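Chemist: One structure is given below, represented as structure tokens, and several questions about it will come after.
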Amino acid sequence: MGAAAEVSEVAPVGFGRFCATRRRYALVLGAALWTTWLLSVTRGPGLLDLAGNVKGADFIEFYTAGALVGRGDADRLYDLERQQRFEHALTAPQDWPGLHPFINPPFFAWPFVPLAALPYLVAFAIWSAIGVALVVATVALVRDGPAAWRALPWAFAFPPVFASVSYGQNALLSLFILAAAVALLRHGRDFAGGLVLGVLLYKPQLLVVLGIVLLADRRWWTVAGLATMAALLAAATLATGVPAAQSYLALASTFGAMQTHAGFPTWNMHSLYSFCVLLLPDHLEIATILAVVASAAAIVVVRRLQPRYDVATLRHWYAVALWGTVLASPHVFLYDLAPLLLAALLVWDDRREEELWAAGIAAVWVALAFSAPIAKLMHESGGRAIQLSTLAIASSGYVLLRDAAPRESVADG
């Protein structure tokens, strides 16, 4: 209220109305996305939607992994031809091109074993309901009372949240894990917070920046908790089967070059690495070097923006780390940007310049909605493309997080 009141005294008379209009547009856009998707899913034939894609898209890879492990076929968990035959048999007689490959670690197949025992559409409905519940739980962990209810429409209108549900992806599980970890850390439960963070090893790229800054701030109990969970999940991986573990390690060694393969949807990725690959597709070695330098620079900026680690400043410390995570992680699809929602929720009460935040959030929102289609058109027409969302996240995130920084940090900077 205080910040809003201060701005209202100096802002132009029409500014409040202008912001309200932009906020309505965001909600309308979110509602349109959800409505269109629901119609496509409910009206499509069999297991395909009206566009001819598998209902739930990537969920079929999790369902397939759960079915293979549940049937005692874990040794062939990463046999891509086996996965493809299973997926296409599942959707028959409707057919579709390609494969949704399961490339997560073996332990991540286990939660889907009970879901794979159900009919596919029932399992997808349950998975979607779990995702929605996790968004509600995330907001409830970070916001209190009426503020949580006010935040929910914006959370579901955020394009990465919608993308996670419509793609059948696991990003909302990641979002909740990150929220649960920071809730534990804010209560001084460092080891438990590290244990929870360790569950994210099914997407290890989301832990790189957090791991670096935790080590830099000597949060040894949190690191110990993370390492303990890593050991437990390694044991679960071996229990799934040594051949599966070996196959996963062989597959993981190819992840770095995956975005350079013809046909890979790099245009739908939003990290600094994918930005460089899209910009210089004919000079991949130079693109890789630039990406490494840019990612390292992002981590340096994260450290400059972060206040000293303390329970009182942890919200801002953590939000900055999440911002750096989505930039420096090499493998970031649209749904993987869901942690940005948590970053905004954490620092929302500390923002000072209302007009600045309205403009910054609008820039990110528009970029996330339209950047990937534009990049795809550019890539298909000329080879090179610019992922505008990466620029919007980097610039707007820096400005907004600096605006919300604890006053001591602002004074020091």
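By order of appearance in the structure tokens: chains A, B, ..., then residues from 1 within every chain, and ligands from 1 in the order shown.
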Show me, as a CSV table (one decimal) with N, CA and C atoms, in the first residue's frame, the residues that have an atom within 7 Å of range 133-138 of chain A when counting only C-alpha atoms, minus same-chain residues fewer than 3 positions from it.

Modeler:
```csv
chain,number,residue,atom,x,y,z
A,129,ALA,N,-4.5,-32.1,-12.7
A,129,ALA,CA,-5.1,-31.6,-11.4
A,129,ALA,C,-4.0,-31.5,-10.3
A,130,ILE,N,-3.0,-32.4,-10.3
A,130,ILE,CA,-1.9,-32.2,-9.4
A,130,ILE,C,-1.1,-30.9,-9.7
A,141,LEU,N,2.2,-20.9,0.0
A,141,LEU,CA,3.4,-20.9,0.8
A,141,LEU,C,4.1,-19.5,0.8
A,142,VAL,N,3.9,-18.7,-0.2
A,142,VAL,CA,4.6,-17.5,-0.3
A,142,VAL,C,3.8,-16.3,0.0
A,152,LEU,N,-3.6,-15.7,-7.4
A,152,LEU,CA,-3.9,-16.9,-8.2
A,152,LEU,C,-4.3,-16.7,-9.6
A,172,LEU,N,5.6,-27.5,-12.9
A,172,LEU,CA,4.9,-27.0,-11.7
A,172,LEU,C,5.3,-27.8,-10.5
A,173,LEU,N,5.7,-29.0,-10.6
A,173,LEU,CA,6.4,-29.8,-9.5
A,173,LEU,C,7.7,-29.1,-9.1
A,176,PHE,N,6.9,-25.9,-7.1
A,176,PHE,CA,6.5,-26.2,-5.8
A,176,PHE,C,7.7,-26.6,-4.9
A,179,ALA,N,9.5,-23.6,-4.0
A,179,ALA,CA,8.8,-22.8,-3.0
A,179,ALA,C,8.9,-23.5,-1.6
```

Chemist: Which residues come within 8 Å of Ala294 in chain A, counting only C-alpha atoms, excluding same-chain residues fewer than 4 positions away, as a ChimeraX atom specification?

Modeler: /A:272,290,298,328

Chemist: Neighbouring residues of Gly397 in chain A were defined as those with any atom within 9 Å, considering only C-alpha atoms; residues of the same chain fewer than 2 positions away were excluded. Please report them as a ChimeraX atom specification.

Modeler: /A:320,323,360-361,364,392-395,399-402

Chemist: Filtering to N, CA and C atoms, could you give me those residues as a PDB file, in the first residue's frame?

Modeler:
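Output file result09.pdb follows:
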```pdb
ATOM      1  N   VAL A 320      16.611 -13.619  -6.726  1.00  0.00           N
ATOM      2  CA  VAL A 320      17.704 -13.327  -7.654  1.00  0.00           C
ATOM      3  C   VAL A 320      18.315 -14.616  -8.181  1.00  0.00           C
ATOM      4  N   TRP A 323      16.104 -16.042 -10.880  1.00  0.00           N
ATOM      5  CA  TRP A 323      16.277 -15.289 -12.122  1.00  0.00           C
ATOM      6  C   TRP A 323      17.540 -15.738 -12.849  1.00  0.00           C
ATOM      7  N   GLY A 360       7.844  -3.472 -16.654  1.00  0.00           N
ATOM      8  CA  GLY A 360       8.729  -4.626 -16.714  1.00  0.00           C
ATOM      9  C   GLY A 360       7.982  -5.932 -16.852  1.00  0.00           C
ATOM     10  N   ILE A 361       6.934  -6.093 -16.062  1.00  0.00           N
ATOM     11  CA  ILE A 361       6.143  -7.330 -16.132  1.00  0.00           C
ATOM     12  C   ILE A 361       5.437  -7.429 -17.472  1.00  0.00           C
ATOM     13  N   VAL A 364       7.953  -8.696 -20.083  1.00  0.00           N
ATOM     14  CA  VAL A 364       8.204 -10.135 -19.975  1.00  0.00           C
ATOM     15  C   VAL A 364       7.001 -10.924 -20.444  1.00  0.00           C
ATOM     16  N   ALA A 392      14.280  -9.828 -22.741  1.00  0.00           N
ATOM     17  CA  ALA A 392      13.293  -9.227 -21.833  1.00  0.00           C
ATOM     18  C   ALA A 392      13.483  -9.724 -20.408  1.00  0.00           C
ATOM     19  N   ILE A 393      13.717 -11.027 -20.249  1.00  0.00           N
ATOM     20  CA  ILE A 393      13.915 -11.595 -18.908  1.00  0.00           C
ATOM     21  C   ILE A 393      15.182 -11.028 -18.276  1.00  0.00           C
ATOM     22  N   ALA A 394      16.261 -10.960 -19.068  1.00  0.00           N
ATOM     23  CA  ALA A 394      17.532 -10.472 -18.535  1.00  0.00           C
ATOM     24  C   ALA A 394      17.433  -9.005 -18.108  1.00  0.00           C
ATOM     25  N   SER A 395      16.929  -8.153 -18.988  1.00  0.00           N
ATOM     26  CA  SER A 395      16.900  -6.714 -18.697  1.00  0.00           C
ATOM     27  C   SER A 395      15.828  -6.360 -17.676  1.00  0.00           C
ATOM     28  N   VAL A 399      16.358  -5.020 -13.645  1.00  0.00           N
ATOM     29  CA  VAL A 399      15.819  -3.736 -13.175  1.00  0.00           C
ATOM     30  C   VAL A 399      14.819  -3.945 -12.039  1.00  0.00           C
ATOM     31  N   LEU A 400      13.931  -4.924 -12.192  1.00  0.00           N
ATOM     32  CA  LEU A 400      12.893  -5.131 -11.179  1.00  0.00           C
ATOM     33  C   LEU A 400      13.478  -5.685  -9.879  1.00  0.00           C
ATOM     34  N   LEU A 401      14.405  -6.598  -9.975  1.00  0.00           N
ATOM     35  CA  LEU A 401      15.013  -7.147  -8.753  1.00  0.00           C
ATOM     36  C   LEU A 401      15.858  -6.096  -8.042  1.00  0.00           C
ATOM     37  N   ARG A 402      16.493  -5.221  -8.800  1.00  0.00           N
ATOM     38  CA  ARG A 402      17.240  -4.137  -8.172  1.00  0.00           C
ATOM     39  C   ARG A 402      16.298  -3.169  -7.467  1.00  0.00           C
TER      40      ARG A 402
END
```

Chemist: For range 38-42 of chain A, find every residue with an atom within 12 Å (counting only C-alpha atoms), except residues of its own chain fewer than 4 positions away, and show them as a list of chain:residue names.

Modeler: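 So the residues in contact are A:Ala31, A:Ala32, A:Leu33, A:Trp34, A:Gly46, A:Leu47, A:Leu48, A:Asp49, A:Leu50, A:Ala51, A:Gly52, A:Asn53, A:Val54, A:Lys55, A:Gly56, A:Ala57, A:Leu121, A:Phe124, A:Ala125, A:Ser128, A:Phe162, A:Val165, A:Ser166, A:Tyr167.
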
Chemist: Put those residues in a file: N, CA and C atoms, as a PDB file, in the first residue's frame.

Modeler:
```pdb
ATOM      1  N   ALA A  31      -6.998 -16.367 -20.140  1.00  0.00           N
ATOM      2  CA  ALA A  31      -8.273 -17.067 -20.272  1.00  0.00           C
ATOM      3  C   ALA A  31      -8.452 -17.628 -21.681  1.00  0.00           C
ATOM      4  N   ALA A  32      -8.008 -16.861 -22.686  1.00  0.00           N
ATOM      5  CA  ALA A  32      -8.122 -17.328 -24.073  1.00  0.00           C
ATOM      6  C   ALA A  32      -7.261 -18.565 -24.300  1.00  0.00           C
ATOM      7  N   LEU A  33      -6.050 -18.570 -23.744  1.00  0.00           N
ATOM      8  CA  LEU A  33      -5.169 -19.729 -23.893  1.00  0.00           C
ATOM      9  C   LEU A  33      -5.794 -20.979 -23.284  1.00  0.00           C
ATOM     10  N   TRP A  34      -6.278 -20.852 -22.050  1.00  0.00           N
ATOM     11  CA  TRP A  34      -6.870 -22.007 -21.367  1.00  0.00           C
ATOM     12  C   TRP A  34      -8.119 -22.510 -22.085  1.00  0.00           C
ATOM     13  N   GLY A  46      -9.938 -39.391 -30.119  1.00  0.00           N
ATOM     14  CA  GLY A  46      -9.092 -40.327 -29.386  1.00  0.00           C
ATOM     15  C   GLY A  46      -8.135 -39.628 -28.445  1.00  0.00           C
ATOM     16  N   LEU A  47      -6.852 -39.962 -28.569  1.00  0.00           N
ATOM     17  CA  LEU A  47      -5.832 -39.358 -27.717  1.00  0.00           C
ATOM     18  C   LEU A  47      -5.139 -38.174 -28.377  1.00  0.00           C
ATOM     19  N   LEU A  48      -5.681 -37.702 -29.512  1.00  0.00           N
ATOM     20  CA  LEU A  48      -5.114 -36.545 -30.187  1.00  0.00           C
ATOM     21  C   LEU A  48      -6.040 -35.339 -30.036  1.00  0.00           C
ATOM     22  N   ASP A  49      -5.444 -34.138 -30.009  1.00  0.00           N
ATOM     23  CA  ASP A  49      -6.258 -32.930 -29.948  1.00  0.00           C
ATOM     24  C   ASP A  49      -6.624 -32.487 -31.362  1.00  0.00           C
ATOM     25  N   LEU A  50      -7.287 -31.338 -31.469  1.00  0.00           N
ATOM     26  CA  LEU A  50      -7.743 -30.886 -32.781  1.00  0.00           C
ATOM     27  C   LEU A  50      -6.594 -30.541 -33.715  1.00  0.00           C
ATOM     28  N   ALA A  51      -5.425 -30.250 -33.160  1.00  0.00           N
ATOM     29  CA  ALA A  51      -4.253 -29.942 -33.990  1.00  0.00           C
ATOM     30  C   ALA A  51      -3.494 -31.194 -34.408  1.00  0.00           C
ATOM     31  N   GLY A  52      -3.948 -32.370 -33.969  1.00  0.00           N
ATOM     32  CA  GLY A  52      -3.274 -33.604 -34.325  1.00  0.00           C
ATOM     33  C   GLY A  52      -2.131 -33.965 -33.417  1.00  0.00           C
ATOM     34  N   ASN A  53      -2.001 -33.258 -32.286  1.00  0.00           N
ATOM     35  CA  ASN A  53      -0.955 -33.564 -31.313  1.00  0.00           C
ATOM     36  C   ASN A  53      -1.513 -34.461 -30.203  1.00  0.00           C
ATOM     37  N   VAL A  54      -0.620 -35.196 -29.535  1.00  0.00           N
ATOM     38  CA  VAL A  54      -1.045 -36.044 -28.426  1.00  0.00           C
ATOM     39  C   VAL A  54      -1.609 -35.169 -27.301  1.00  0.00           C
ATOM     40  N   LYS A  55      -2.746 -35.554 -26.775  1.00  0.00           N
ATOM     41  CA  LYS A  55      -3.299 -34.831 -25.631  1.00  0.00           C
ATOM     42  C   LYS A  55      -2.345 -34.982 -24.444  1.00  0.00           C
ATOM     43  N   GLY A  56      -1.955 -33.851 -23.902  1.00  0.00           N
ATOM     44  CA  GLY A  56      -0.987 -33.887 -22.824  1.00  0.00           C
ATOM     45  C   GLY A  56       0.438 -33.803 -23.312  1.00  0.00           C
ATOM     46  N   ALA A  57       0.646 -33.914 -24.637  1.00  0.00           N
ATOM     47  CA  ALA A  57       1.965 -33.752 -25.252  1.00  0.00           C
ATOM     48  C   ALA A  57       3.032 -34.547 -24.501  1.00  0.00           C
ATOM     49  N   LEU A 121      -5.978 -41.055 -20.559  1.00  0.00           N
ATOM     50  CA  LEU A 121      -6.667 -39.786 -20.335  1.00  0.00           C
ATOM     51  C   LEU A 121      -6.986 -39.566 -18.860  1.00  0.00           C
ATOM     52  N   PHE A 124      -3.693 -38.502 -17.323  1.00  0.00           N
ATOM     53  CA  PHE A 124      -3.367 -37.119 -17.679  1.00  0.00           C
ATOM     54  C   PHE A 124      -4.230 -36.132 -16.902  1.00  0.00           C
ATOM     55  N   ALA A 125      -5.501 -36.454 -16.723  1.00  0.00           N
ATOM     56  CA  ALA A 125      -6.387 -35.576 -15.950  1.00  0.00           C
ATOM     57  C   ALA A 125      -5.896 -35.451 -14.501  1.00  0.00           C
ATOM     58  N   SER A 128      -2.743 -33.328 -14.455  1.00  0.00           N
ATOM     59  CA  SER A 128      -3.084 -31.914 -14.627  1.00  0.00           C
ATOM     60  C   SER A 128      -3.654 -31.329 -13.338  1.00  0.00           C
ATOM     61  N   PHE A 162       0.661 -21.995 -17.808  1.00  0.00           N
ATOM     62  CA  PHE A 162      -0.242 -22.609 -18.781  1.00  0.00           C
ATOM     63  C   PHE A 162       0.489 -23.645 -19.627  1.00  0.00           C
ATOM     64  N   VAL A 165       0.988 -27.092 -17.892  1.00  0.00           N
ATOM     65  CA  VAL A 165      -0.208 -27.945 -17.858  1.00  0.00           C
ATOM     66  C   VAL A 165      -0.533 -28.467 -19.251  1.00  0.00           C
ATOM     67  N   SER A 166      -0.537 -27.588 -20.235  1.00  0.00           N
ATOM     68  CA  SER A 166      -0.933 -27.998 -21.578  1.00  0.00           C
ATOM     69  C   SER A 166       0.076 -28.962 -22.210  1.00  0.00           C
ATOM     70  N   TYR A 167       1.357 -28.830 -21.844  1.00  0.00           N
ATOM     71  CA  TYR A 167       2.373 -29.757 -22.333  1.00  0.00           C
ATOM     72  C   TYR A 167       2.424 -31.029 -21.480  1.00  0.00           C
TER      73      TYR A 167
END
```

Chemist: With only C-alpha atoms as the counted atoms, please give the residues lying no more than 9 Å from Trp357 in chain A, apart from itself and same-chain residues fewer than 5 positions off, as a PyMOL selection string.

Modeler: chain A and resi 351-352+362+396+399-400+403

Chemist: So, with only C-alpha atoms as the atoms that count, which of A:Phe255, A:Trp154, A:Phe264, A:Tyr248 lies closest to Leu342 in chain A?

Modeler: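 When distances to Leu342 in chain A are compared using only C-alpha atoms, the smallest one comes from A:Trp154.
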
Chemist: Taking the DSSP assignment computed from this structure's backbone, write out as an MDAnalysis selection string all residues of range 115-340 of chain A that belong to helix (DSSP H, G or I).

Modeler: chainID A and resid 115:116 120:142 145:157 159:166 171:186 190:202 204:216 220:240 242:252 255:258 266:268 272:279 284:305 311:328 334:337 339:340

Chemist: State, in Å with one decimal place, the distance from CA of Gly30 in chain A to CA of Ala157 in chain A.

Modeler: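 Interatomic distance, CA of Gly30 in chain A to CA of Ala157 in chain A: 4.1 Å.
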
Chemist: Please, what distance in Å, to one decimal, runs between CA of Val28 in chain A and CA of Ser164 in chain A?

Modeler: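 Going from CA of Val28 in chain A over to CA of Ser164 in chain A, I get 18.7 Å.
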
Chemist: Near range 98-100 of chain A, counting only C-alpha atoms, which residues have an atom at most 6 Å away, once you skip same-chain residues fewer than 5 positions from it, shown as a PDB file with C-alpha atoms, in the first residue's frame?

Modeler:
```pdb
ATOM      1  CA  ASP A  58       5.012 -34.520 -23.083  1.00  0.00           C
ATOM      2  CA  GLU A  61       6.761 -39.763 -22.191  1.00  0.00           C
ATOM      3  CA  GLN A  84       8.259 -44.708 -29.858  1.00  0.00           C
TER       4      GLN A  84
END
```

Chemist: For Trp127 in chain A, which residue among A:Gly145, A:Pro101, A:Pro114, A:Gly168 is the nearest when counting only C-alpha atoms?

Modeler: A:Gly168
